[in-house]
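Next comes upload.txt, with compact mmCIF, N, CA and C atoms.
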```
# COMPACT_ATOMS: atom_id res chain seq x y z
N GLN A 1 0.84 -1.19 0.00
CA GLN A 1 0.00 0.00 0.00
C GLN A 1 0.88 1.24 0.00
N VAL A 2 0.54 2.19 -0.86
CA VAL A 2 1.33 3.42 -0.97
C VAL A 2 1.15 4.27 0.27
N GLN A 3 2.25 4.76 0.78
CA GLN A 3 2.21 5.70 1.90
C GLN A 3 2.96 6.95 1.50
N LEU A 4 2.34 8.09 1.74
CA LEU A 4 2.96 9.38 1.51
C LEU A 4 3.02 10.11 2.83
N VAL A 5 4.20 10.61 3.17
CA VAL A 5 4.36 11.30 4.45
C VAL A 5 4.94 12.68 4.18
N GLU A 6 4.18 13.70 4.58
CA GLU A 6 4.62 15.08 4.42
C GLU A 6 5.37 15.55 5.66
N SER A 7 6.27 16.49 5.43
CA SER A 7 6.97 17.13 6.54
C SER A 7 7.33 18.55 6.12
N GLY A 8 7.69 19.37 7.11
CA GLY A 8 8.20 20.70 6.81
C GLY A 8 7.23 21.84 7.01
N GLY A 9 6.00 21.54 7.40
CA GLY A 9 5.07 22.63 7.66
C GLY A 9 5.46 23.42 8.90
N GLY A 10 4.77 24.52 9.12
CA GLY A 10 5.05 25.33 10.29
C GLY A 10 4.42 26.69 10.19
N SER A 11 4.86 27.58 11.06
CA SER A 11 4.34 28.95 11.09
C SER A 11 5.42 29.90 10.67
N VAL A 12 5.04 30.89 9.87
CA VAL A 12 6.00 31.85 9.35
C VAL A 12 5.29 33.18 9.14
N GLN A 13 6.04 34.24 9.15
CA GLN A 13 5.45 35.55 8.87
C GLN A 13 5.34 35.77 7.37
N ALA A 14 4.45 36.65 7.00
CA ALA A 14 4.28 36.99 5.59
C ALA A 14 5.62 37.41 4.98
N GLY A 15 5.87 36.93 3.78
CA GLY A 15 7.14 37.19 3.13
C GLY A 15 8.18 36.13 3.37
N GLY A 16 7.92 35.24 4.31
CA GLY A 16 8.88 34.20 4.64
C GLY A 16 8.80 32.99 3.72
N SER A 17 9.57 31.96 4.06
CA SER A 17 9.67 30.77 3.22
C SER A 17 9.56 29.51 4.06
N LEU A 18 9.08 28.46 3.41
CA LEU A 18 9.06 27.13 3.99
C LEU A 18 9.37 26.13 2.89
N ARG A 19 9.82 24.97 3.28
CA ARG A 19 10.04 23.89 2.32
C ARG A 19 9.33 22.64 2.83
N LEU A 20 8.40 22.16 2.03
CA LEU A 20 7.66 20.94 2.35
C LEU A 20 8.28 19.76 1.60
N SER A 21 8.29 18.62 2.25
CA SER A 21 8.78 17.40 1.60
C SER A 21 7.74 16.30 1.73
N CYS A 22 7.75 15.43 0.75
CA CYS A 22 6.83 14.29 0.73
C CYS A 22 7.63 13.06 0.34
N THR A 23 7.66 12.09 1.23
CA THR A 23 8.38 10.86 0.95
C THR A 23 7.39 9.73 0.74
N GLY A 24 7.56 9.01 -0.36
CA GLY A 24 6.64 7.93 -0.70
C GLY A 24 7.27 6.56 -0.52
N SER A 25 6.42 5.58 -0.23
CA SER A 25 6.86 4.20 -0.10
C SER A 25 5.72 3.27 -0.48
N GLY A 26 6.07 2.01 -0.74
CA GLY A 26 5.04 1.02 -1.03
C GLY A 26 4.50 1.06 -2.44
N TYR A 27 5.20 1.75 -3.33
CA TYR A 27 4.72 1.84 -4.71
C TYR A 27 4.80 0.48 -5.39
N THR A 28 3.75 0.11 -6.13
CA THR A 28 3.81 -1.06 -7.00
C THR A 28 4.22 -0.64 -8.40
N SER A 29 4.00 0.61 -8.73
CA SER A 29 4.51 1.18 -9.97
C SER A 29 4.87 2.63 -9.69
N THR A 30 5.86 3.12 -10.39
CA THR A 30 6.33 4.48 -10.16
C THR A 30 5.23 5.49 -10.48
N PRO A 31 4.92 6.38 -9.58
CA PRO A 31 3.89 7.38 -9.89
C PRO A 31 4.32 8.26 -11.05
N LYS A 32 3.39 8.57 -11.94
CA LYS A 32 3.69 9.41 -13.11
C LYS A 32 3.48 10.88 -12.79
N TYR A 33 2.54 11.18 -11.93
CA TYR A 33 2.31 12.54 -11.48
C TYR A 33 2.36 12.55 -9.95
N MET A 34 2.99 13.62 -9.44
CA MET A 34 2.87 13.91 -8.02
C MET A 34 2.51 15.38 -7.89
N ALA A 35 1.81 15.68 -6.82
CA ALA A 35 1.27 17.03 -6.71
C ALA A 35 1.13 17.43 -5.24
N TRP A 36 0.97 18.71 -5.08
CA TRP A 36 0.63 19.28 -3.78
C TRP A 36 -0.72 19.98 -3.92
N PHE A 37 -1.57 19.71 -2.95
CA PHE A 37 -2.85 20.37 -2.84
C PHE A 37 -2.90 21.05 -1.48
N ARG A 38 -3.85 21.94 -1.30
CA ARG A 38 -4.05 22.57 0.00
C ARG A 38 -5.53 22.74 0.26
N GLN A 39 -5.84 22.82 1.54
CA GLN A 39 -7.24 22.93 1.91
C GLN A 39 -7.37 23.72 3.21
N THR A 40 -8.36 24.60 3.23
CA THR A 40 -8.72 25.33 4.44
C THR A 40 -10.11 24.88 4.88
N PRO A 41 -10.45 25.05 6.14
CA PRO A 41 -11.75 24.57 6.64
C PRO A 41 -12.91 25.13 5.84
N GLY A 42 -13.81 24.25 5.44
CA GLY A 42 -15.00 24.66 4.72
C GLY A 42 -14.79 24.88 3.24
N GLU A 43 -13.56 24.72 2.78
CA GLU A 43 -13.27 24.94 1.37
C GLU A 43 -12.90 23.62 0.68
N GLU A 44 -13.03 23.60 -0.64
CA GLU A 44 -12.61 22.44 -1.39
C GLU A 44 -11.08 22.38 -1.48
N ARG A 45 -10.59 21.17 -1.70
CA ARG A 45 -9.16 21.00 -1.85
C ARG A 45 -8.71 21.68 -3.14
N GLU A 46 -7.66 22.47 -3.05
CA GLU A 46 -7.17 23.26 -4.18
C GLU A 46 -5.81 22.76 -4.65
N GLY A 47 -5.67 22.57 -5.94
CA GLY A 47 -4.39 22.16 -6.49
C GLY A 47 -3.40 23.31 -6.48
N VAL A 48 -2.17 23.02 -6.09
CA VAL A 48 -1.14 24.04 -5.96
C VAL A 48 -0.06 23.86 -7.03
N ALA A 49 0.51 22.66 -7.09
CA ALA A 49 1.61 22.40 -8.02
C ALA A 49 1.65 20.92 -8.34
N GLU A 50 2.09 20.62 -9.54
CA GLU A 50 2.09 19.24 -10.03
C GLU A 50 3.36 19.01 -10.84
N ILE A 51 3.88 17.77 -10.79
CA ILE A 51 5.06 17.43 -11.56
C ILE A 51 4.84 16.10 -12.26
N PHE A 52 5.14 16.06 -13.56
CA PHE A 52 5.10 14.82 -14.34
C PHE A 52 6.47 14.19 -14.18
N THR A 53 6.53 13.10 -13.44
CA THR A 53 7.82 12.60 -12.99
C THR A 53 8.75 12.10 -14.10
N PRO A 54 8.24 11.55 -15.21
CA PRO A 54 9.21 11.09 -16.24
C PRO A 54 10.03 12.21 -16.86
N THR A 55 9.47 13.43 -16.90
CA THR A 55 10.17 14.53 -17.58
C THR A 55 10.40 15.72 -16.66
N SER A 56 9.89 15.66 -15.44
CA SER A 56 9.96 16.78 -14.48
C SER A 56 9.23 18.01 -14.98
N THR A 57 8.28 17.82 -15.86
CA THR A 57 7.45 18.94 -16.31
C THR A 57 6.54 19.35 -15.17
N THR A 58 6.45 20.65 -14.95
CA THR A 58 5.68 21.16 -13.80
C THR A 58 4.52 22.03 -14.25
N TYR A 59 3.57 22.14 -13.34
CA TYR A 59 2.40 23.00 -13.57
C TYR A 59 2.04 23.64 -12.23
N TYR A 60 1.68 24.91 -12.28
CA TYR A 60 1.36 25.63 -11.05
C TYR A 60 0.01 26.33 -11.17
N ALA A 61 -0.68 26.40 -10.04
CA ALA A 61 -1.85 27.24 -9.97
C ALA A 61 -1.42 28.70 -10.11
N ASP A 62 -2.27 29.51 -10.70
CA ASP A 62 -1.94 30.92 -10.90
C ASP A 62 -1.63 31.62 -9.58
N SER A 63 -2.28 31.19 -8.52
CA SER A 63 -2.13 31.86 -7.23
C SER A 63 -0.74 31.69 -6.62
N VAL A 64 0.03 30.69 -7.10
CA VAL A 64 1.34 30.44 -6.51
C VAL A 64 2.47 30.56 -7.53
N LYS A 65 2.11 30.78 -8.78
CA LYS A 65 3.12 30.82 -9.84
C LYS A 65 4.15 31.91 -9.54
N GLY A 66 5.42 31.55 -9.66
CA GLY A 66 6.49 32.50 -9.38
C GLY A 66 6.92 32.54 -7.93
N ARG A 67 6.14 31.91 -7.05
CA ARG A 67 6.47 31.91 -5.62
C ARG A 67 6.78 30.50 -5.11
N PHE A 68 6.11 29.50 -5.66
CA PHE A 68 6.30 28.12 -5.22
C PHE A 68 7.03 27.34 -6.30
N THR A 69 7.83 26.37 -5.88
CA THR A 69 8.55 25.51 -6.82
C THR A 69 8.44 24.06 -6.37
N ILE A 70 7.98 23.21 -7.26
CA ILE A 70 7.90 21.78 -7.00
C ILE A 70 9.09 21.09 -7.65
N SER A 71 9.66 20.12 -6.95
CA SER A 71 10.81 19.40 -7.49
C SER A 71 10.79 17.96 -6.98
N GLN A 72 11.57 17.11 -7.62
CA GLN A 72 11.58 15.71 -7.22
C GLN A 72 13.02 15.23 -7.04
N ASP A 73 13.19 14.28 -6.15
CA ASP A 73 14.46 13.60 -5.94
C ASP A 73 14.15 12.11 -6.04
N ASN A 74 14.37 11.56 -7.22
CA ASN A 74 13.98 10.17 -7.45
C ASN A 74 14.75 9.19 -6.57
N ALA A 75 16.00 9.51 -6.30
CA ALA A 75 16.81 8.61 -5.48
C ALA A 75 16.24 8.47 -4.07
N LYS A 76 15.56 9.52 -3.61
CA LYS A 76 15.01 9.50 -2.26
C LYS A 76 13.50 9.31 -2.25
N ASN A 77 12.91 9.09 -3.44
CA ASN A 77 11.45 8.97 -3.52
C ASN A 77 10.76 10.15 -2.86
N THR A 78 11.29 11.34 -3.11
CA THR A 78 10.80 12.54 -2.44
C THR A 78 10.39 13.59 -3.45
N VAL A 79 9.29 14.23 -3.15
CA VAL A 79 8.87 15.42 -3.89
C VAL A 79 8.81 16.57 -2.90
N SER A 80 9.34 17.71 -3.28
CA SER A 80 9.40 18.86 -2.39
C SER A 80 8.63 20.03 -2.97
N LEU A 81 8.22 20.91 -2.10
CA LEU A 81 7.57 22.15 -2.51
C LEU A 81 8.23 23.29 -1.74
N GLN A 82 8.92 24.15 -2.48
CA GLN A 82 9.53 25.34 -1.88
C GLN A 82 8.52 26.47 -1.94
N LEU A 83 8.19 27.02 -0.79
CA LEU A 83 7.21 28.10 -0.70
C LEU A 83 7.94 29.39 -0.33
N ASN A 84 7.97 30.34 -1.24
CA ASN A 84 8.61 31.63 -1.00
C ASN A 84 7.57 32.74 -1.04
N SER A 85 7.95 33.88 -0.49
CA SER A 85 7.08 35.06 -0.50
C SER A 85 5.68 34.70 -0.01
N LEU A 86 5.62 34.01 1.09
CA LEU A 86 4.35 33.51 1.60
C LEU A 86 3.42 34.63 2.00
N LYS A 87 2.13 34.39 1.79
CA LYS A 87 1.08 35.34 2.11
C LYS A 87 0.12 34.70 3.10
N PRO A 88 -0.59 35.50 3.89
CA PRO A 88 -1.58 34.93 4.82
C PRO A 88 -2.58 34.00 4.13
N GLU A 89 -2.93 34.31 2.90
CA GLU A 89 -3.89 33.46 2.17
C GLU A 89 -3.30 32.11 1.76
N ASP A 90 -2.01 31.91 1.97
CA ASP A 90 -1.42 30.59 1.73
C ASP A 90 -1.63 29.64 2.91
N THR A 91 -2.16 30.16 4.00
CA THR A 91 -2.41 29.34 5.18
C THR A 91 -3.39 28.23 4.85
N ALA A 92 -2.98 26.99 5.12
CA ALA A 92 -3.81 25.83 4.79
C ALA A 92 -3.10 24.57 5.26
N VAL A 93 -3.80 23.47 5.19
CA VAL A 93 -3.16 22.15 5.32
C VAL A 93 -2.73 21.75 3.92
N TYR A 94 -1.48 21.40 3.76
CA TYR A 94 -0.93 21.02 2.47
C TYR A 94 -0.80 19.50 2.40
N TYR A 95 -1.31 18.95 1.30
CA TYR A 95 -1.32 17.51 1.09
C TYR A 95 -0.48 17.14 -0.12
N CYS A 96 0.25 16.06 0.01
CA CYS A 96 0.97 15.46 -1.10
C CYS A 96 0.09 14.37 -1.72
N ALA A 97 0.17 14.22 -3.03
CA ALA A 97 -0.64 13.21 -3.71
C ALA A 97 0.14 12.59 -4.85
N ALA A 98 -0.23 11.37 -5.21
CA ALA A 98 0.46 10.65 -6.28
C ALA A 98 -0.55 9.86 -7.10
N THR A 99 -0.22 9.67 -8.37
CA THR A 99 -1.04 8.83 -9.23
C THR A 99 -0.16 8.14 -10.26
N ALA A 100 -0.58 6.94 -10.68
CA ALA A 100 0.13 6.22 -11.72
C ALA A 100 -0.43 6.51 -13.11
N MET A 101 -1.46 7.33 -13.17
CA MET A 101 -2.04 7.70 -14.47
C MET A 101 -0.98 8.35 -15.34
N PHE A 102 -0.87 7.91 -16.59
CA PHE A 102 0.13 8.48 -17.50
C PHE A 102 -0.41 9.71 -18.20
N TRP A 103 -1.72 9.76 -18.35
CA TRP A 103 -2.31 10.90 -19.05
C TRP A 103 -3.50 11.39 -18.26
N LYS A 104 -3.59 12.69 -18.05
CA LYS A 104 -4.73 13.28 -17.39
C LYS A 104 -5.32 14.35 -18.27
N PRO A 105 -6.64 14.49 -18.26
CA PRO A 105 -7.27 15.47 -19.14
C PRO A 105 -7.00 16.91 -18.74
N ALA A 106 -6.66 17.14 -17.51
CA ALA A 106 -6.43 18.51 -17.05
C ALA A 106 -5.52 18.45 -15.82
N PRO A 107 -4.81 19.53 -15.54
CA PRO A 107 -3.91 19.51 -14.38
C PRO A 107 -4.64 19.74 -13.06
N LEU A 108 -4.02 19.26 -12.01
CA LEU A 108 -4.41 19.58 -10.63
C LEU A 108 -5.87 19.24 -10.31
N ARG A 109 -6.31 18.10 -10.77
CA ARG A 109 -7.65 17.64 -10.41
C ARG A 109 -7.52 16.60 -9.29
N PRO A 110 -8.07 16.86 -8.12
CA PRO A 110 -7.93 15.92 -7.00
C PRO A 110 -8.41 14.51 -7.34
N ASP A 111 -9.45 14.39 -8.13
CA ASP A 111 -10.02 13.07 -8.43
C ASP A 111 -9.07 12.18 -9.24
N ASP A 112 -8.05 12.76 -9.85
CA ASP A 112 -7.10 11.96 -10.62
C ASP A 112 -6.07 11.28 -9.72
N TYR A 113 -6.03 11.66 -8.46
CA TYR A 113 -5.02 11.14 -7.54
C TYR A 113 -5.62 10.11 -6.60
N ASN A 114 -4.90 8.99 -6.41
CA ASN A 114 -5.44 7.92 -5.57
C ASN A 114 -4.57 7.61 -4.37
N ALA A 115 -3.53 8.36 -4.16
CA ALA A 115 -2.70 8.19 -2.96
C ALA A 115 -2.47 9.56 -2.35
N TRP A 116 -2.72 9.67 -1.06
CA TRP A 116 -2.67 10.97 -0.38
C TRP A 116 -1.93 10.84 0.94
N GLY A 117 -1.20 11.89 1.28
CA GLY A 117 -0.65 11.98 2.61
C GLY A 117 -1.67 12.53 3.58
N LYS A 118 -1.29 12.62 4.84
CA LYS A 118 -2.22 13.10 5.86
C LYS A 118 -2.20 14.60 6.01
N GLY A 119 -1.24 15.26 5.38
CA GLY A 119 -1.21 16.70 5.39
C GLY A 119 -0.27 17.30 6.41
N THR A 120 0.17 18.52 6.12
CA THR A 120 1.00 19.28 7.04
C THR A 120 0.51 20.72 7.04
N GLN A 121 0.43 21.30 8.22
CA GLN A 121 -0.15 22.64 8.37
C GLN A 121 0.89 23.71 8.04
N VAL A 122 0.47 24.67 7.24
CA VAL A 122 1.25 25.87 6.97
C VAL A 122 0.43 27.06 7.43
N THR A 123 1.01 27.87 8.30
CA THR A 123 0.33 29.05 8.81
C THR A 123 1.19 30.27 8.55
N VAL A 124 0.61 31.25 7.88
CA VAL A 124 1.33 32.48 7.54
C VAL A 124 0.63 33.64 8.23
N SER A 125 1.35 34.34 9.06
CA SER A 125 0.77 35.47 9.80
C SER A 125 1.18 36.79 9.16
N SER A 126 0.30 37.76 9.28
CA SER A 126 0.56 39.06 8.66
C SER A 126 1.34 39.97 9.58
```

Rewrite the coordinates I just gave you, this time as structure tokens.
Amino acid sequence: QVQLVESGGGSVQAGGSLRLSCTGSGYTSTPKYMAWFRQTPGEEREGVAEIFTPTSTTYYADSVKGRFTISQDNAKNTVSLQLNSLKPEDTAVYYCAATAMFWKPAPLRPDDYNAWGKGTQVTVSS
């Protein structure tokens, strides 16, 4: 069974930075896409950044483009998310997700992902 474990969340002031990591295990096949989503209470899960692992092609939500960077370390089975220039509206629980799907009709759709971590809290104060 696939397990994804996030780490690196915390509290930071606006303008600060954090680095989230997600380590995967138990894969029966290498995930083709990995992504970070975030969610605040009462809101739907929002896609933040996605990486197509065979080519390291990335996609970002407009709200984080230019501030967040997703990357992968295949040797460590780790996907990271560098969060820079953080804003209070970035406050959320951040989830790592993986899928073996080779082709998806659109980026950052939660329903395309079948493996999820338990999340890590990011809090940005003004």

Discussion item. Would you pick out the contacts of A:Ile51 at 12 Å or less, using only C-alpha atoms, so that residues sharing its chain but fewer than 3 positions from it are not included, and give the list as a ChimeraX atom specification?
Written reply: /A:31-36,47-48,54-60,69-73,78-81,96-99,102,107-108

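Within the 6 Å cut-off around A:Gly24, using only C-alpha atoms and omitting residues fewer than 2 positions from it on the same chain, the listed residues are Gln3, Leu4 and Asn77 of chain A.
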
Practice prompt. List every protein, DNA or RNA residue that has an atom no more than 12 Å from (0.5, 34.3, -8.0) in the file's coordinate frame, counting only C-alpha atoms, and report them as a count of residues only.
Written response: 19

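Going from atom CA of A:Ser21 to atom N of A:Glu44 covers 22.8 Å.
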
Worksheet, complete the sentence: Using only C-alpha atoms, the best pick from A:Ala92, A:Ala115, A:Val124, A:Leu18 as closest to A:Val5 would be A:Ala115

Discussion item. Using only N, CA and C atoms, can you tell me which of A:Met101, A:Asn114, A:Ala106, A:Tyr95 comes closest to A:Arg38?
Written reply: A:Tyr95

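Put simply, atom N of A:Glu6 is 6.9 Å away from atom CA of A:Thr120.
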
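Between atom C of A:Ser11 and atom CA of A:Thr91 the separation is 9.6 Å.
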
Discussion item. Here is a test: counting all atoms listed in the file, which residue of A:Ser29, A:Thr53, A:Gln13, A:Asn74 is nearest to A:Thr123?
Written reply: A:Gln13

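Using only N, CA and C atoms, the smallest distance between any of A:Lys76, A:Pro105, A:Gly15, A:Asp112 and A:Pro88 comes from A:Gly15.
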
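Selecting helix (DSSP H, G or I) from the backbone DSSP output for stretch 5-122 of chain A yields Asn74, Ala75, Lys76, Pro88, Glu89, Asp90, Pro110, Asp111 and Asp112 of chain A.
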
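Among the candidate residues A:Ser25, A:Thr40, A:Gln121, A:Thr30, the one lying nearest to A:Gly8 is A:Gln121, with distances computed using only C-alpha atoms.
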
Item to complete: Could you find all residues in chain A that DSSP calls strand (DSSP E) from the backbone, and write them as a PyMOL selection string?
Response: chain A and resi 3-7+10-13+18-25+33-39+46-52+57-60+68-73+78-83+92-99+115-116+120-125

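Checking A:Ser126, A:Gly16, A:Trp116, A:Pro110 one by one against A:Arg45, counting only C-alpha atoms, you find the shortest gap at A:Pro110.
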
Find the axis-aligned box for stretch 13-18 of chain A, covering all its listed atoms and adding 6 Å on each side, and write its centre and edge lengths in Å to one decimal as lines of an AutoDock Vina configuration file.
```
center_x = 7.0
center_y = 31.8
center_z = 6.0
size_x = 17.4
size_y = 23.3
size_z = 18.3
```
